[in-house]
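File shown here: structure_12.txt, holding compact mmCIF, C-alpha atoms.
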```
# COMPACT_ATOMS: atom_id res chain seq x y z
CA MET R 1 1.49 32.60 2.16
CA THR R 2 0.71 29.02 1.11
CA GLU R 3 2.03 26.30 3.42
CA LYS R 4 4.24 23.94 1.46
CA ASP R 5 3.08 20.78 3.22
CA VAL R 6 -0.63 21.37 2.60
CA TYR R 7 -2.55 20.25 -0.47
CA LYS R 8 -6.18 20.21 -1.58
CA THR R 9 -8.10 17.15 -2.71
CA ILE R 10 -11.56 15.58 -2.59
CA VAL R 11 -12.54 12.81 -0.19
CA LYS R 12 -15.45 11.23 -2.06
CA PRO R 13 -16.85 11.16 -5.60
CA SER R 14 -18.78 14.21 -6.75
CA ASN R 15 -22.42 14.18 -7.70
CA GLU R 16 -23.11 13.48 -11.35
CA VAL R 17 -23.42 16.80 -13.23
CA LEU R 18 -24.90 17.46 -16.66
CA PHE R 19 -24.08 20.16 -19.22
CA LYS R 20 -25.98 20.42 -22.51
CA ASP R 21 -25.01 22.21 -25.70
CA LYS R 22 -26.77 21.84 -29.12
CA ASN R 23 -28.30 18.48 -28.20
CA SER R 24 -24.96 17.05 -26.99
CA LYS R 25 -25.00 15.92 -23.37
CA PHE R 26 -21.89 16.03 -21.18
CA PHE R 27 -21.97 14.10 -17.90
CA GLY R 28 -19.22 15.06 -15.45
CA TYR R 29 -17.72 13.14 -12.54
CA ALA R 30 -14.86 13.83 -10.11
CA PHE R 31 -13.22 11.00 -8.16
CA PRO R 32 -10.52 10.88 -5.47
CA VAL R 33 -7.68 8.66 -6.79
CA LYS R 34 -4.25 7.61 -5.55
CA THR R 35 -2.98 5.42 -8.41
CA GLU R 36 -3.32 5.00 -12.16
CA GLU R 37 -5.03 1.68 -11.45
CA HIS R 38 -7.82 3.58 -9.67
CA VAL R 39 -8.15 5.77 -12.78
CA LYS R 40 -8.64 2.73 -15.03
CA GLN R 41 -11.25 1.27 -12.69
CA HIS R 42 -13.38 4.44 -12.68
CA VAL R 43 -13.12 4.84 -16.47
CA ASN R 44 -14.17 1.22 -17.01
CA VAL R 45 -17.16 1.58 -14.66
CA LEU R 46 -18.40 4.66 -16.51
CA LYS R 47 -17.88 3.02 -19.91
CA LYS R 48 -20.24 0.26 -18.78
CA LYS R 49 -22.73 2.72 -17.27
CA HIS R 50 -22.72 4.96 -20.35
CA HIS R 51 -22.14 2.21 -22.93
CA SER R 52 -23.98 4.10 -25.69
CA ALA R 53 -22.01 7.34 -25.24
CA ARG R 54 -19.59 8.56 -27.92
CA HIS R 55 -16.60 9.77 -25.84
CA TRP R 56 -15.22 9.19 -22.33
CA CYS R 57 -12.65 11.97 -21.89
CA TYR R 58 -10.69 12.53 -18.72
CA ALA R 59 -7.76 14.13 -16.93
CA TYR R 60 -6.10 13.29 -13.64
CA LYS R 61 -3.39 14.54 -11.34
CA LEU R 62 -1.60 12.41 -8.73
CA GLY R 63 0.94 13.13 -6.02
CA THR R 64 1.91 15.84 -3.56
CA ALA R 65 5.69 16.28 -3.61
CA THR R 66 5.90 15.51 -7.33
CA ASN R 67 2.90 15.44 -9.63
CA VAL R 68 1.94 12.99 -12.33
CA TYR R 69 -0.82 14.00 -14.70
CA ARG R 70 -2.40 12.73 -17.89
CA VAL R 71 -5.10 13.92 -20.26
CA ASN R 72 -7.18 11.86 -22.67
CA ASP R 73 -9.24 13.29 -25.56
CA ASP R 74 -10.71 9.87 -26.42
CA GLY R 75 -11.33 10.62 -30.08
CA GLU R 76 -12.22 14.29 -29.75
CA PRO R 77 -9.96 16.79 -31.64
CA ASN R 78 -6.52 17.20 -30.04
CA ASN R 79 -6.56 19.25 -26.80
CA SER R 80 -10.29 19.96 -27.04
CA ALA R 81 -11.30 17.73 -24.11
CA GLY R 82 -8.52 16.41 -21.85
CA MET R 83 -6.63 19.70 -21.52
CA PRO R 84 -9.71 21.83 -20.70
CA ILE R 85 -10.62 19.26 -18.04
CA TYR R 86 -7.05 19.33 -16.67
CA GLY R 87 -7.17 23.13 -16.72
CA GLN R 88 -9.95 23.00 -14.12
CA ILE R 89 -7.89 20.66 -11.92
CA GLN R 90 -5.14 23.29 -12.03
CA SER R 91 -7.57 26.15 -11.54
CA PHE R 92 -8.99 24.54 -8.38
CA ASP R 93 -5.39 23.69 -7.31
CA ILE R 94 -6.19 20.11 -6.30
CA THR R 95 -4.40 16.78 -6.62
CA ASN R 96 -5.12 13.04 -6.31
CA VAL R 97 -8.19 13.65 -8.43
CA LEU R 98 -9.70 12.27 -11.64
CA ILE R 99 -12.35 14.05 -13.71
CA ILE R 100 -14.22 12.13 -16.38
CA VAL R 101 -16.61 13.77 -18.84
CA VAL R 102 -18.87 11.45 -20.83
CA ARG R 103 -20.29 12.86 -24.07
CA TYR R 104 -23.41 11.81 -25.92
CA PHE R 105 -23.26 13.36 -29.39
CA GLY R 106 -26.45 15.24 -30.27
CA GLY R 107 -26.03 15.37 -34.03
CA VAL R 108 -24.71 18.94 -34.23
CA LYS R 109 -20.95 19.55 -34.33
CA LEU R 110 -19.79 22.05 -31.72
CA GLY R 111 -16.43 22.92 -33.26
CA VAL R 112 -13.18 22.93 -31.28
CA GLY R 113 -14.08 26.13 -29.41
CA GLY R 114 -17.47 24.73 -28.45
CA LEU R 115 -15.92 21.46 -27.27
CA ILE R 116 -13.31 23.25 -25.16
CA HIS R 117 -16.05 25.30 -23.51
CA ALA R 118 -18.26 22.25 -22.92
CA TYR R 119 -15.55 20.05 -21.39
CA LYS R 120 -14.16 22.91 -19.29
CA THR R 121 -17.63 23.83 -17.98
CA THR R 122 -18.58 20.23 -17.19
CA ALA R 123 -15.30 19.69 -15.30
CA GLN R 124 -15.88 22.92 -13.37
CA LEU R 125 -19.43 21.83 -12.45
CA ALA R 126 -18.11 18.45 -11.23
CA LEU R 127 -15.54 20.17 -8.98
CA ASP R 128 -18.08 22.74 -7.79
CA SER R 129 -20.24 19.85 -6.59
CA SER R 130 -17.29 18.17 -4.81
CA ASN R 131 -16.28 18.54 -1.21
CA ILE R 132 -12.73 19.95 -1.51
CA ILE R 133 -10.64 19.73 1.63
CA LYS R 134 -7.12 20.65 2.73
CA LYS R 135 -4.79 17.88 3.90
CA THR R 136 -1.27 17.93 5.23
CA ILE R 137 1.60 15.96 3.72
CA ASN R 138 2.65 13.49 6.41
CA HIS R 139 5.49 11.02 6.82
CA ILE R 140 5.41 7.71 8.66
CA TYR R 141 8.02 6.79 11.29
CA LEU R 142 8.61 3.61 13.27
CA ILE R 143 9.79 4.01 16.88
CA THR R 144 11.35 0.94 18.50
CA PHE R 145 12.12 0.75 22.23
CA GLU R 146 12.03 -1.47 25.32
CA TYR R 147 8.90 -1.43 27.48
CA LYS R 148 10.72 0.36 30.32
CA ASN R 149 11.00 3.46 28.09
CA MET R 150 7.29 3.56 27.33
CA ASN R 151 6.49 6.64 29.42
CA LYS R 152 9.32 8.62 27.86
CA VAL R 153 8.09 7.86 24.33
CA MET R 154 4.40 8.44 25.09
CA ARG R 155 5.14 11.78 26.74
CA ILE R 156 6.77 13.08 23.54
CA ILE R 157 3.94 11.74 21.39
CA LYS R 158 1.45 13.55 23.61
CA GLU R 159 3.47 16.78 23.80
CA LYS R 160 3.93 16.92 20.03
CA ASN R 161 0.34 15.82 19.37
CA LEU R 162 1.51 13.01 17.08
CA LYS R 163 -0.91 10.54 15.51
CA ILE R 164 -0.35 6.86 16.36
CA ILE R 165 -1.12 4.62 13.38
CA ASP R 166 -0.12 1.29 14.86
CA GLN R 167 1.43 -0.03 18.06
CA LYS R 168 2.82 -3.29 19.36
CA MET R 169 3.31 -3.34 23.12
CA GLU R 170 5.51 -6.21 24.25
CA LEU R 171 8.96 -6.39 25.88
CA ASN R 172 10.22 -4.81 22.68
CA CYS R 173 7.70 -2.18 21.69
CA GLN R 174 7.00 -0.62 18.30
CA ILE R 175 4.87 2.44 17.62
CA THR R 176 4.17 3.74 14.13
CA ILE R 177 3.46 7.46 14.02
CA SER R 178 2.38 9.95 11.38
CA VAL R 179 4.24 13.28 11.43
CA ARG R 180 3.36 16.40 9.48
CA GLN R 181 6.14 17.22 6.99
CA LYS R 182 7.07 20.58 8.54
CA ASP R 183 7.60 18.89 11.95
CA THR R 184 9.60 15.87 10.75
CA ASP R 185 13.13 17.18 11.41
CA ASN R 186 12.25 18.32 14.92
CA VAL R 187 10.44 15.09 15.88
CA PHE R 188 13.17 12.88 14.41
CA GLU R 189 15.87 14.79 16.31
CA ILE R 190 14.03 14.48 19.66
CA PHE R 191 13.62 10.70 19.39
CA ASN R 192 17.04 10.17 17.83
CA GLN R 193 18.78 11.77 20.82
CA LEU R 194 17.08 9.50 23.36
CA PHE R 195 19.05 6.58 24.76
CA GLU R 196 17.74 3.08 23.84
CA ILE R 197 15.13 4.45 21.45
CA GLU R 198 15.32 4.02 17.67
CA ILE R 199 13.39 5.96 15.06
CA LYS R 200 13.35 5.31 11.32
CA LEU R 201 11.44 6.67 8.33
CA LEU R 202 9.07 4.15 6.71
CA ASP R 203 8.15 6.18 3.63
CA THR R 204 9.91 8.71 1.41
```

Translate the structure described by the file into structure tokens.
Amino acid sequence: MTEKDVYKTIVKPSNEVLFKDKNSKFFGYAFPVKTEEHVKQHVNVLKKKHHSARHWCYAYKLGTATNVYRVNDDGEPNNSAGMPIYGQIQSFDITNVLIIVVRYFGGVKLGVGGLIHAYKTTAQLALDSSNIIKKTINHIYLITFEYKNMNKVMRIIKEKNLKIIDQKMELNCQITISVRQKDTDNVFEIFNQLFEIEIKLLDT
């Protein structure tokens, strides 16, 4: 059974991969991305690097709870490039990822079927060369309390093995913690029931 608060992604860019078919060259790249702005940056970098290429086709998928995705054929026939690339993102079941395939035209037309195969294979090679990892969906909480309650708070953090992201230890203390999604209700309830201790969700 798949855990609902776990997702797969890549942590660093893949190696450059190359697929050739009838003198056309397809260079494939996979990048970890969090925003559409990151997507634009990577596309622009590759357009400069491969300035004499014919097409820079890509697909990306963002998000964990809800997914945003987009495909771009960049002048290739409709659905012959972006969708085959996106199909590999789905096949590998990963998110927060961008795959770009750069094509140098070799003078021989591949036909739609040939293009679909080439873009799909190049995307697959890029993901095969990536380090795919599992991550948990976490939520961030802020705990506010007086210094005298420090031991009480720290004991729960230790017992529940919670990750501290930030802390401010003064007369009025603040600790920011990261909580795995499946544990959020339980952790919130424990802190919420404690006298003189406040907990609030910082993200949604």

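For Phe19 in chain R, the residues within 10 Å (counting only C-alpha atoms, excluding itself and residues fewer than 6 positions away along the chain) are Lys25, Phe26, Phe27, Gly28, Val101, Arg103, Ala118, Tyr119, Thr121, Thr122, Ala123 and Leu125 of chain R.
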
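You will find CA of Ile157 in chain R at 27.5 Å from CA of Thr9 in chain R.
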
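Nearest-residue note for Asn131 in chain R: choosing from R:Tyr69, R:Tyr86, R:Trp56, R:Phe92, the minimum distance belongs to R:Phe92, counting all atoms listed in the file.
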
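Between CA of Glu36 in chain R and CA of Tyr60 in chain R there is a distance of 8.9 Å.
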
If we count all atoms listed in the file, what is near Phe31 in chain R at a cut-off of 9 Å, once residues fewer than 2 positions away on the same chain are taken out, given as a PyMOL selection string? chain R and resi 10-14+29+33+39+42+96-100+130

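The coordinates place CA of Gly114 in chain R at 16.3 Å from CA of Arg54 in chain R.
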
Within 9 Å of range 74-76 of chain R, counting all atoms listed in the file, which residues show up once you throw out same-chain ones fewer than 3 positions away? Write them as a ChimeraX atom specification, please. /R:54-58,79-82,112,115

Surrounding residues of range 177-180 of chain R excluding itself and chain neighbours under 3 positions, 12 Å, all atoms listed in the file, as number ranges by chain: R: 3-6, 135-144, 153-154, 156-158, 160-167, 174, 183-188, 191, 199-203

Residue contacts of Gln88 in chain R (9 Å, all atoms listed in the file) excluding same-chain residues fewer than 5 positions away, as a PyMOL selection string: chain R and resi 83+93+120-121+123-124+127

Which is closer to Lys148 in chain R than all the others in R:Ile197, R:Asn192, R:Pro32, R:Gly111, using only C-alpha atoms? R:Ile197
